[in-house]
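A.B. asks: Can you read through this structure? Questions will come right after.
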Amino acid sequence: MQSWQRTMWILWFGVLFCSSSYTMSVPFLPLFLFDLGVPESSVNLWAGIVHSSAFLVGAVMAPLWGMLADKYGKRKMVIRAGISLAFIYALIAFVQTPWQLVGVRMLHGFVGGFVPASMSIVATIAPKEKLGWSLGMMQAGTMTGGILGPLFGGLLAQAFGLRRSFVVAAIIILAATVAVVIWVREGKAEPQVEKKKEKPVTYRMAFRNRALMSMLMLLALFQLSINMIQPLLTLHIAKLQGGLQGAVLSAGFVLSLIGIAGILASPVWGRLGERRGYHRILVTCLMCAGVVVSMQFFVQDLWLFAVVQFVFGLFMAGISPIVNTLVVQSTDEQFRGRSFGLTTSANQFGSMLGPLIGGLLGLAVGIHWIFVATGMMMFAAGISVWLRRKHELGQERRMSSG
């Protein structure tokens, strides 16, 4: 096994543990609000506020952490984020009011960055021809954690209560950080064709990069659309099964299906992107995911809801790794940490707006119409990418013929 592969697999397990710790705790916060005394009439709105508060701070901090990663090393940023997140998850176990929970979630957003810094290391060390597969595998690691987290968290919450599951989440992310400290050494990129020395790439130069900006806007829209649903899913699952009794365990099982789909599909989409073109696969994933999630409007049974979520996860799994690959291809290597900081910021910005919009829509029209709105946004994004790519190819043909 080559050194870059060994590092990638260590970081794969790192992002798996990080994702597990996240999905053991955050998806169940809407149900945790009942323990904090929030009435059922306003729980949807509070769920939106709790989810969005971390993303608001994270959207502002991500570019800063990316800049520090380029300056001081991406490995140091992974370790910093891991230790901080362990403290934050443990702190959730001790909150007593909804506003305290919002405060801890804002700290959560402030210290984040474990996964993007890990992705940045892999994007730097992986050979160009293996980039799509490598980032797809890292996405699969995140999705694997997405399976284990809800299942393990649901079982722990059922047996010992939600507060103790938050402590276990802290221990898991701490274990991932220790693994990085012991085994990961930040290597250099694979040898490339020598280039003339260029001026340092700045954020101002990056913001003039149209390809990068279009991908960042797409990420923000994608996260906005899926996070319109996220804070209401556990409550919706409880309604489908007929009550709150056992809802944490049922939600854990259903949410884990998206992770299973991601494990199966993410590396496949990465390889297909390498062979058939990343833009083509991205359009396919966006449009198909939009159609599938819209079908939840008609679903009234929990088993059918789970099936549709699994199919939705198959297409959704290809979007983030392909966008990350296109971002890497459109930016300079010396800007790698900051480029992943910007993608994280775009993700966080969309993730901040999504729960707020979803919470308000949940009060106004109900979750079934939110599924339709999500599907329409994803389908429209797919059409937009297709039209933009068609225009770019047309311009290239005209320039080559002229």
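Labels for the structure tokens follow display order: chains A, B, ..., residues from 1 in each chain, ligands from 1.
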Against segment 225-228 of chain A, which residues of segment 300-377 of chain A fall within 6 Å? For each one I want the closest pair of atoms and the distance in Å (one decimal), counting only C-alpha atoms, rows by chain and increasing residue number, as a tab-separated table.

C.D. replies:
residue	atom	partner	partner_atom	distance
A:Ser351	CA	A:Asn227	CA	5.6
A:Gly354	CA	A:Met228	CA	4.2
A:Pro355	CA	A:Met228	CA	4.8
A:Gly358	CA	A:Met228	CA	4.0
A:Thr374	CA	A:Ser225	CA	4.9

A.B. asks: When you look at Val15 of chain A with a cut-off of 8 Å (counting only C-alpha atoms), what residues show up, excluding the ones that are within fewer than 5 positions of it in the same chain? I need them as a list of chain:residue names.

C.D. replies: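 The residues that qualify are A:Phe114, A:Val115, A:Ser118, A:Met138, A:Gly141, A:Thr142, A:Gly145, A:Ala176.
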
A.B. asks: Near Gln241 of chain A, counting only C-alpha atoms, which residues have an atom at most 12 Å away, once you skip same-chain residues fewer than 2 positions from it, shown as a list in words?

C.D. replies: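 Selected residues are Thr234, Leu235, His236, Ile237, Ala238, Lys239, Gly243, Leu244, Gln245, Gly246, Ala247, Val248, Leu249, Ser250, Ala251, Val254, Gln300, Asp301, Leu302, Trp303, Leu304, Phe305 and Ala306 of chain A.
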
A.B. asks: Just the selected residues (N, CA and C atoms), exported as a tab-separated table (two decimals), in the first residue's frame, please.

C.D. replies:
chain	number	residue	atom	x	y	z
A	234	THR	N	-37.12	13.59	12.36
A	234	THR	CA	-37.41	12.71	13.50
A	234	THR	C	-38.84	12.89	13.98
A	235	LEU	N	-39.33	14.12	13.94
A	235	LEU	CA	-40.72	14.37	14.34
A	235	LEU	C	-41.69	13.76	13.33
A	236	HIS	N	-41.35	13.82	12.04
A	236	HIS	CA	-42.19	13.24	11.00
A	236	HIS	C	-42.23	11.72	11.11
A	237	ILE	N	-41.06	11.12	11.43
A	237	ILE	CA	-41.01	9.66	11.60
A	237	ILE	C	-41.86	9.24	12.79
A	238	ALA	N	-41.80	10.02	13.88
A	238	ALA	CA	-42.64	9.72	15.04
A	238	ALA	C	-44.12	9.76	14.67
A	239	LYS	N	-44.50	10.71	13.81
A	239	LYS	CA	-45.89	10.82	13.39
A	239	LYS	C	-46.30	9.65	12.51
A	243	GLY	N	-46.64	7.77	17.16
A	243	GLY	CA	-46.39	8.29	18.50
A	243	GLY	C	-44.92	8.42	18.79
A	244	LEU	N	-44.59	9.06	19.93
A	244	LEU	CA	-43.21	9.29	20.30
A	244	LEU	C	-42.54	8.05	20.91
A	245	GLN	N	-43.32	7.07	21.33
A	245	GLN	CA	-42.77	5.87	21.95
A	245	GLN	C	-41.87	5.13	20.96
A	246	GLY	N	-40.58	5.01	21.27
A	246	GLY	CA	-39.64	4.34	20.38
A	246	GLY	C	-39.25	5.14	19.15
A	247	ALA	N	-39.59	6.42	19.13
A	247	ALA	CA	-39.32	7.23	17.93
A	247	ALA	C	-37.83	7.42	17.69
A	248	VAL	N	-37.04	7.52	18.77
A	248	VAL	CA	-35.60	7.71	18.61
A	248	VAL	C	-34.97	6.53	17.88
A	249	LEU	N	-35.38	5.31	18.27
A	249	LEU	CA	-34.84	4.11	17.64
A	249	LEU	C	-35.29	4.00	16.19
A	250	SER	N	-36.56	4.29	15.91
A	250	SER	CA	-37.06	4.25	14.53
A	250	SER	C	-36.36	5.29	13.66
A	251	ALA	N	-36.18	6.49	14.21
A	251	ALA	CA	-35.49	7.55	13.47
A	251	ALA	C	-34.05	7.15	13.19
A	254	VAL	N	-34.08	4.67	10.23
A	254	VAL	CA	-34.41	5.29	8.94
A	254	VAL	C	-33.29	6.21	8.47
A	300	GLN	N	-47.32	7.74	3.20
A	300	GLN	CA	-48.01	7.78	4.49
A	300	GLN	C	-47.60	6.64	5.42
A	301	ASP	N	-46.78	5.72	4.92
A	301	ASP	CA	-46.36	4.56	5.72
A	301	ASP	C	-44.86	4.64	6.01
A	302	LEU	N	-44.47	4.23	7.20
A	302	LEU	CA	-43.08	4.35	7.62
A	302	LEU	C	-42.16	3.48	6.77
A	303	TRP	N	-42.59	2.26	6.42
A	303	TRP	CA	-41.72	1.38	5.64
A	303	TRP	C	-41.45	1.94	4.24
A	304	LEU	N	-42.47	2.54	3.64
A	304	LEU	CA	-42.29	3.13	2.31
A	304	LEU	C	-41.44	4.40	2.40
A	305	PHE	N	-41.61	5.16	3.47
A	305	PHE	CA	-40.77	6.33	3.71
A	305	PHE	C	-39.30	5.92	3.77
A	306	ALA	N	-39.01	4.81	4.45
A	306	ALA	CA	-37.64	4.32	4.58
A	306	ALA	C	-37.07	3.92	3.22

A.B. asks: Do you know which residues are at most 12 Å from Ser84 of chain A counting only C-alpha atoms, after dropping those on the same chain fewer than 4 positions away, and could you put them as JSON, numbers by chain?

C.D. replies: {"A": [18, 77, 78, 79, 80, 88, 89, 90, 91, 104, 107, 108, 109, 110, 111, 112, 113, 114, 170, 171, 173, 174, 177]}

A.B. asks: Residues at most 8 Å from segment 3-7 of chain A, counting only C-alpha atoms, excluding those fewer than 5 positions away in the same chain, as a list in words?

C.D. replies: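 Near segment 3-7 of chain A, the qualifying residues are Val122, Ile125, Ala126, Trp183, Val184, Arg185 and Gly187 of chain A.
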
A.B. asks: Save the residues we just selected, N, CA, C and O atoms, as an mmCIF file, in the first residue's frame?

C.D. replies:
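As written to disk, part36.cif reads:
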data_model
loop_
_atom_site.group_PDB
_atom_site.id
_atom_site.type_symbol
_atom_site.label_atom_id
_atom_site.label_comp_id
_atom_site.auth_asym_id
_atom_site.auth_seq_id
_atom_site.Cartn_x
_atom_site.Cartn_y
_atom_site.Cartn_z
ATOM 1 N N VAL A 122 -6.384 14.653 1.880
ATOM 2 C CA VAL A 122 -6.517 13.611 0.858
ATOM 3 C C VAL A 122 -6.443 14.207 -0.539
ATOM 4 O O VAL A 122 -5.794 13.653 -1.441
ATOM 5 N N ILE A 125 -2.718 14.833 -1.370
ATOM 6 C CA ILE A 125 -1.778 13.722 -1.528
ATOM 7 C C ILE A 125 -2.193 12.726 -2.603
ATOM 8 O O ILE A 125 -1.357 11.971 -3.093
ATOM 9 N N ALA A 126 -3.471 12.711 -2.998
ATOM 10 C CA ALA A 126 -3.947 11.714 -3.957
ATOM 11 C C ALA A 126 -3.481 12.060 -5.375
ATOM 12 O O ALA A 126 -3.469 13.224 -5.761
ATOM 13 N N TRP A 183 -0.972 8.417 13.891
ATOM 14 C CA TRP A 183 -0.646 7.785 12.606
ATOM 15 C C TRP A 183 -0.563 8.711 11.389
ATOM 16 O O TRP A 183 0.030 8.339 10.391
ATOM 17 N N VAL A 184 -1.179 9.865 11.429
ATOM 18 C CA VAL A 184 -1.210 10.708 10.232
ATOM 19 C C VAL A 184 -0.051 11.692 10.232
ATOM 20 O O VAL A 184 0.165 12.404 11.212
ATOM 21 N N ARG A 185 0.686 11.695 9.126
ATOM 22 C CA ARG A 185 1.710 12.706 8.881
ATOM 23 C C ARG A 185 1.343 13.391 7.579
ATOM 24 O O ARG A 185 1.132 12.727 6.569
ATOM 25 N N GLY A 187 1.638 14.616 4.337
ATOM 26 C CA GLY A 187 2.602 14.474 3.262
ATOM 27 C C GLY A 187 2.448 15.556 2.220
ATOM 28 O O GLY A 187 1.671 16.497 2.354
#

A.B. asks: Looking only at the backbone, which of the residues in segment 49-244 of chain A does DSSP tag as alpha helix (DSSP H), as a ChimeraX atom specification?

C.D. replies: /A:49-72,74-92,98-111,114-125,131-160,162-183,203-207,210-227,230-241

A.B. asks: Write the residues of the selection above to a file with C-alpha atoms, as a compact mmCIF listing (two decimals), in the first residue's frame.

C.D. replies:
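Generated file (out_0.txt):
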# COMPACT_ATOMS: atom_id res chain seq x y z
CA ILE A 49 -33.12 27.54 15.52
CA VAL A 50 -31.02 24.85 17.22
CA HIS A 51 -29.85 23.41 13.89
CA SER A 52 -29.17 26.78 12.28
CA SER A 53 -27.24 28.33 15.17
CA ALA A 54 -24.16 26.13 14.62
CA PHE A 55 -24.19 26.68 10.87
CA LEU A 56 -24.38 30.47 11.23
CA VAL A 57 -21.10 30.57 13.17
CA GLY A 58 -19.55 27.79 11.08
CA ALA A 59 -20.17 29.65 7.82
CA VAL A 60 -18.17 32.62 9.15
CA MET A 61 -15.35 30.56 10.70
CA ALA A 62 -14.73 28.01 7.91
CA PRO A 63 -12.68 30.33 5.62
CA LEU A 64 -10.52 31.33 8.60
CA TRP A 65 -9.82 27.70 9.53
CA GLY A 66 -9.04 27.00 5.85
CA MET A 67 -6.53 29.86 5.75
CA LEU A 68 -4.89 28.64 8.96
CA ALA A 69 -4.75 25.11 7.50
CA ASP A 70 -2.81 26.39 4.47
CA LYS A 71 -0.50 28.42 6.72
CA TYR A 72 0.16 26.07 9.65
CA LYS A 74 -4.05 20.75 7.73
CA ARG A 75 -3.19 18.00 10.23
CA LYS A 76 -3.06 20.57 13.04
CA MET A 77 -6.53 21.78 12.08
CA VAL A 78 -7.89 18.22 12.20
CA ILE A 79 -6.48 17.76 15.72
CA ARG A 80 -7.73 21.16 16.89
CA ALA A 81 -11.23 20.46 15.60
CA GLY A 82 -11.36 16.94 17.08
CA ILE A 83 -10.38 17.97 20.62
CA SER A 84 -12.78 20.92 20.55
CA LEU A 85 -15.69 18.86 19.26
CA ALA A 86 -15.18 16.24 21.98
CA PHE A 87 -15.59 18.98 24.59
CA ILE A 88 -18.70 20.40 22.85
CA TYR A 89 -20.52 17.05 22.59
CA ALA A 90 -19.87 16.35 26.27
CA LEU A 91 -21.18 19.81 27.11
CA ILE A 92 -24.53 19.11 25.39
CA PRO A 98 -33.29 25.56 24.98
CA TRP A 99 -31.20 28.73 24.95
CA GLN A 100 -28.27 26.92 26.55
CA LEU A 101 -28.55 24.32 23.79
CA VAL A 102 -28.45 27.10 21.18
CA GLY A 103 -25.32 28.51 22.84
CA VAL A 104 -23.54 25.15 22.79
CA ARG A 105 -24.52 24.65 19.15
CA MET A 106 -22.96 28.02 18.30
CA LEU A 107 -19.73 26.82 19.94
CA HIS A 108 -20.12 23.68 17.83
CA GLY A 109 -20.09 25.79 14.69
CA PHE A 110 -17.13 27.85 15.93
CA VAL A 111 -14.75 24.90 16.42
CA PHE A 114 -12.48 18.02 11.16
CA VAL A 115 -13.95 16.60 7.94
CA PRO A 116 -12.99 19.42 5.50
CA ALA A 117 -9.40 19.48 6.79
CA SER A 118 -9.22 15.69 6.35
CA MET A 119 -10.65 16.00 2.83
CA SER A 120 -8.06 18.69 2.07
CA ILE A 121 -5.20 16.39 3.09
CA VAL A 122 -6.52 13.61 0.86
CA ALA A 123 -7.06 16.00 -2.07
CA THR A 124 -3.45 17.14 -1.70
CA ILE A 125 -1.78 13.72 -1.53
CA LEU A 131 -8.90 12.13 -7.08
CA GLY A 132 -12.56 11.37 -7.82
CA TRP A 133 -12.34 7.89 -6.30
CA SER A 134 -10.43 9.15 -3.23
CA LEU A 135 -12.92 11.91 -2.42
CA GLY A 136 -15.77 9.50 -3.13
CA MET A 137 -14.29 7.08 -0.60
CA MET A 138 -13.96 9.86 1.97
CA GLN A 139 -17.60 10.72 1.38
CA ALA A 140 -18.42 7.03 1.88
CA GLY A 141 -16.58 7.16 5.20
CA THR A 142 -18.74 10.09 6.24
CA MET A 143 -21.82 8.16 5.16
CA THR A 144 -20.67 5.07 7.06
CA GLY A 145 -20.58 7.19 10.19
CA GLY A 146 -24.03 8.38 9.19
CA ILE A 147 -25.21 4.78 9.52
CA LEU A 148 -23.50 3.87 12.76
CA GLY A 149 -24.28 7.14 14.52
CA PRO A 150 -28.10 7.10 14.38
CA LEU A 151 -28.29 3.35 15.09
CA PHE A 152 -25.83 3.44 17.99
CA GLY A 153 -27.23 6.73 19.25
CA GLY A 154 -30.79 5.46 19.05
CA LEU A 155 -29.95 2.30 20.97
CA LEU A 156 -28.04 4.25 23.64
CA ALA A 157 -30.80 6.82 24.00
CA GLN A 158 -33.40 4.08 24.29
CA ALA A 159 -31.39 2.28 26.99
CA PHE A 160 -29.70 5.10 28.94
CA LEU A 162 -30.13 11.05 25.30
CA ARG A 163 -27.71 12.79 27.67
CA ARG A 164 -25.43 9.78 28.04
CA SER A 165 -25.39 9.24 24.28
CA PHE A 166 -23.91 12.74 23.93
CA VAL A 167 -21.04 11.75 26.25
CA VAL A 168 -20.35 8.65 24.15
CA ALA A 169 -20.31 10.85 21.03
CA ALA A 170 -17.58 12.95 22.70
CA ILE A 171 -15.49 9.84 23.41
CA ILE A 172 -15.80 8.67 19.79
CA ILE A 173 -14.58 11.93 18.23
CA LEU A 174 -11.75 12.03 20.77
CA ALA A 175 -10.70 8.52 19.65
CA ALA A 176 -10.65 9.70 16.02
CA THR A 177 -8.42 12.62 17.01
CA VAL A 178 -5.98 10.36 18.86
CA ALA A 179 -5.70 8.19 15.73
CA VAL A 180 -4.76 11.23 13.65
CA VAL A 181 -2.17 12.33 16.23
CA ILE A 182 -0.50 8.90 16.24
CA TRP A 183 -0.65 7.79 12.61
CA TYR A 203 -9.43 34.98 -1.53
CA ARG A 204 -9.96 37.98 -3.82
CA MET A 205 -8.52 36.03 -6.76
CA ALA A 206 -10.60 32.99 -5.84
CA PHE A 207 -13.82 35.02 -5.84
CA ARG A 210 -16.32 31.56 -12.00
CA ALA A 211 -16.05 27.77 -11.86
CA LEU A 212 -15.31 27.89 -8.12
CA MET A 213 -18.10 30.38 -7.40
CA SER A 214 -20.69 28.34 -9.30
CA MET A 215 -19.76 25.21 -7.32
CA LEU A 216 -19.96 27.10 -4.02
CA MET A 217 -23.41 28.44 -4.92
CA LEU A 218 -24.50 24.93 -5.86
CA LEU A 219 -23.27 23.53 -2.53
CA ALA A 220 -25.13 26.24 -0.61
CA LEU A 221 -28.34 25.52 -2.51
CA PHE A 222 -27.94 21.76 -2.07
CA GLN A 223 -27.42 22.04 1.69
CA LEU A 224 -30.28 24.53 2.00
CA SER A 225 -32.66 22.13 0.28
CA ILE A 226 -31.79 18.98 2.26
CA ASN A 227 -31.61 20.86 5.57
CA GLN A 230 -33.49 17.62 8.41
CA PRO A 231 -34.77 19.18 11.67
CA LEU A 232 -38.29 17.86 11.05
CA LEU A 233 -37.43 14.29 10.04
CA THR A 234 -37.41 12.71 13.50
CA LEU A 235 -40.72 14.37 14.34
CA HIS A 236 -42.19 13.24 11.00
CA ILE A 237 -41.01 9.66 11.60
CA ALA A 238 -42.64 9.72 15.04
CA LYS A 239 -45.89 10.82 13.39
CA LEU A 240 -45.70 8.10 10.72
CA GLN A 241 -45.26 5.39 13.36

A.B. asks: Skip Ala373 of chain A itself and residues of its chain fewer than 2 positions away, then list as a PyMOL selection string all residues within 12 Å of it, counting only C-alpha atoms.

C.D. replies: chain A and resi 224-229+290-291+293-297+354+357-358+361-362+365-371+375-380

A.B. asks: Could you work out how far atom CA of Gly359 of chain A lies from atom CA of Ser19 of chain A, giving the answer in Å with one decimal?

C.D. replies: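 Between these atoms lies a distance of 23.8 Å.
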
A.B. asks: Write out, as a Markdown table, each residue of segment 223-257 of chain A that has an atom at most 10 Å from segment 312-319 of chain A, together with the closest pair of atoms and their distance in Å to one decimal, counting only C-alpha atoms, rows going by chain and rising number.

C.D. replies:
| residue | atom | partner | partner_atom | distance |
| --- | --- | --- | --- | --- |
| A:Ile226 | CA | A:Met316 | CA | 9.5 |
| A:Leu255 | CA | A:Gly313 | CA | 9.8 |
| A:Ser256 | CA | A:Gly313 | CA | 9.9 |
| A:Leu257 | CA | A:Gly313 | CA | 7.5 |

A.B. asks: One decimal, in Å: what's the spacing between atom CA of Phe310 of chain A and atom CA of Gly262 of chain A?

C.D. replies: 9.0 Å
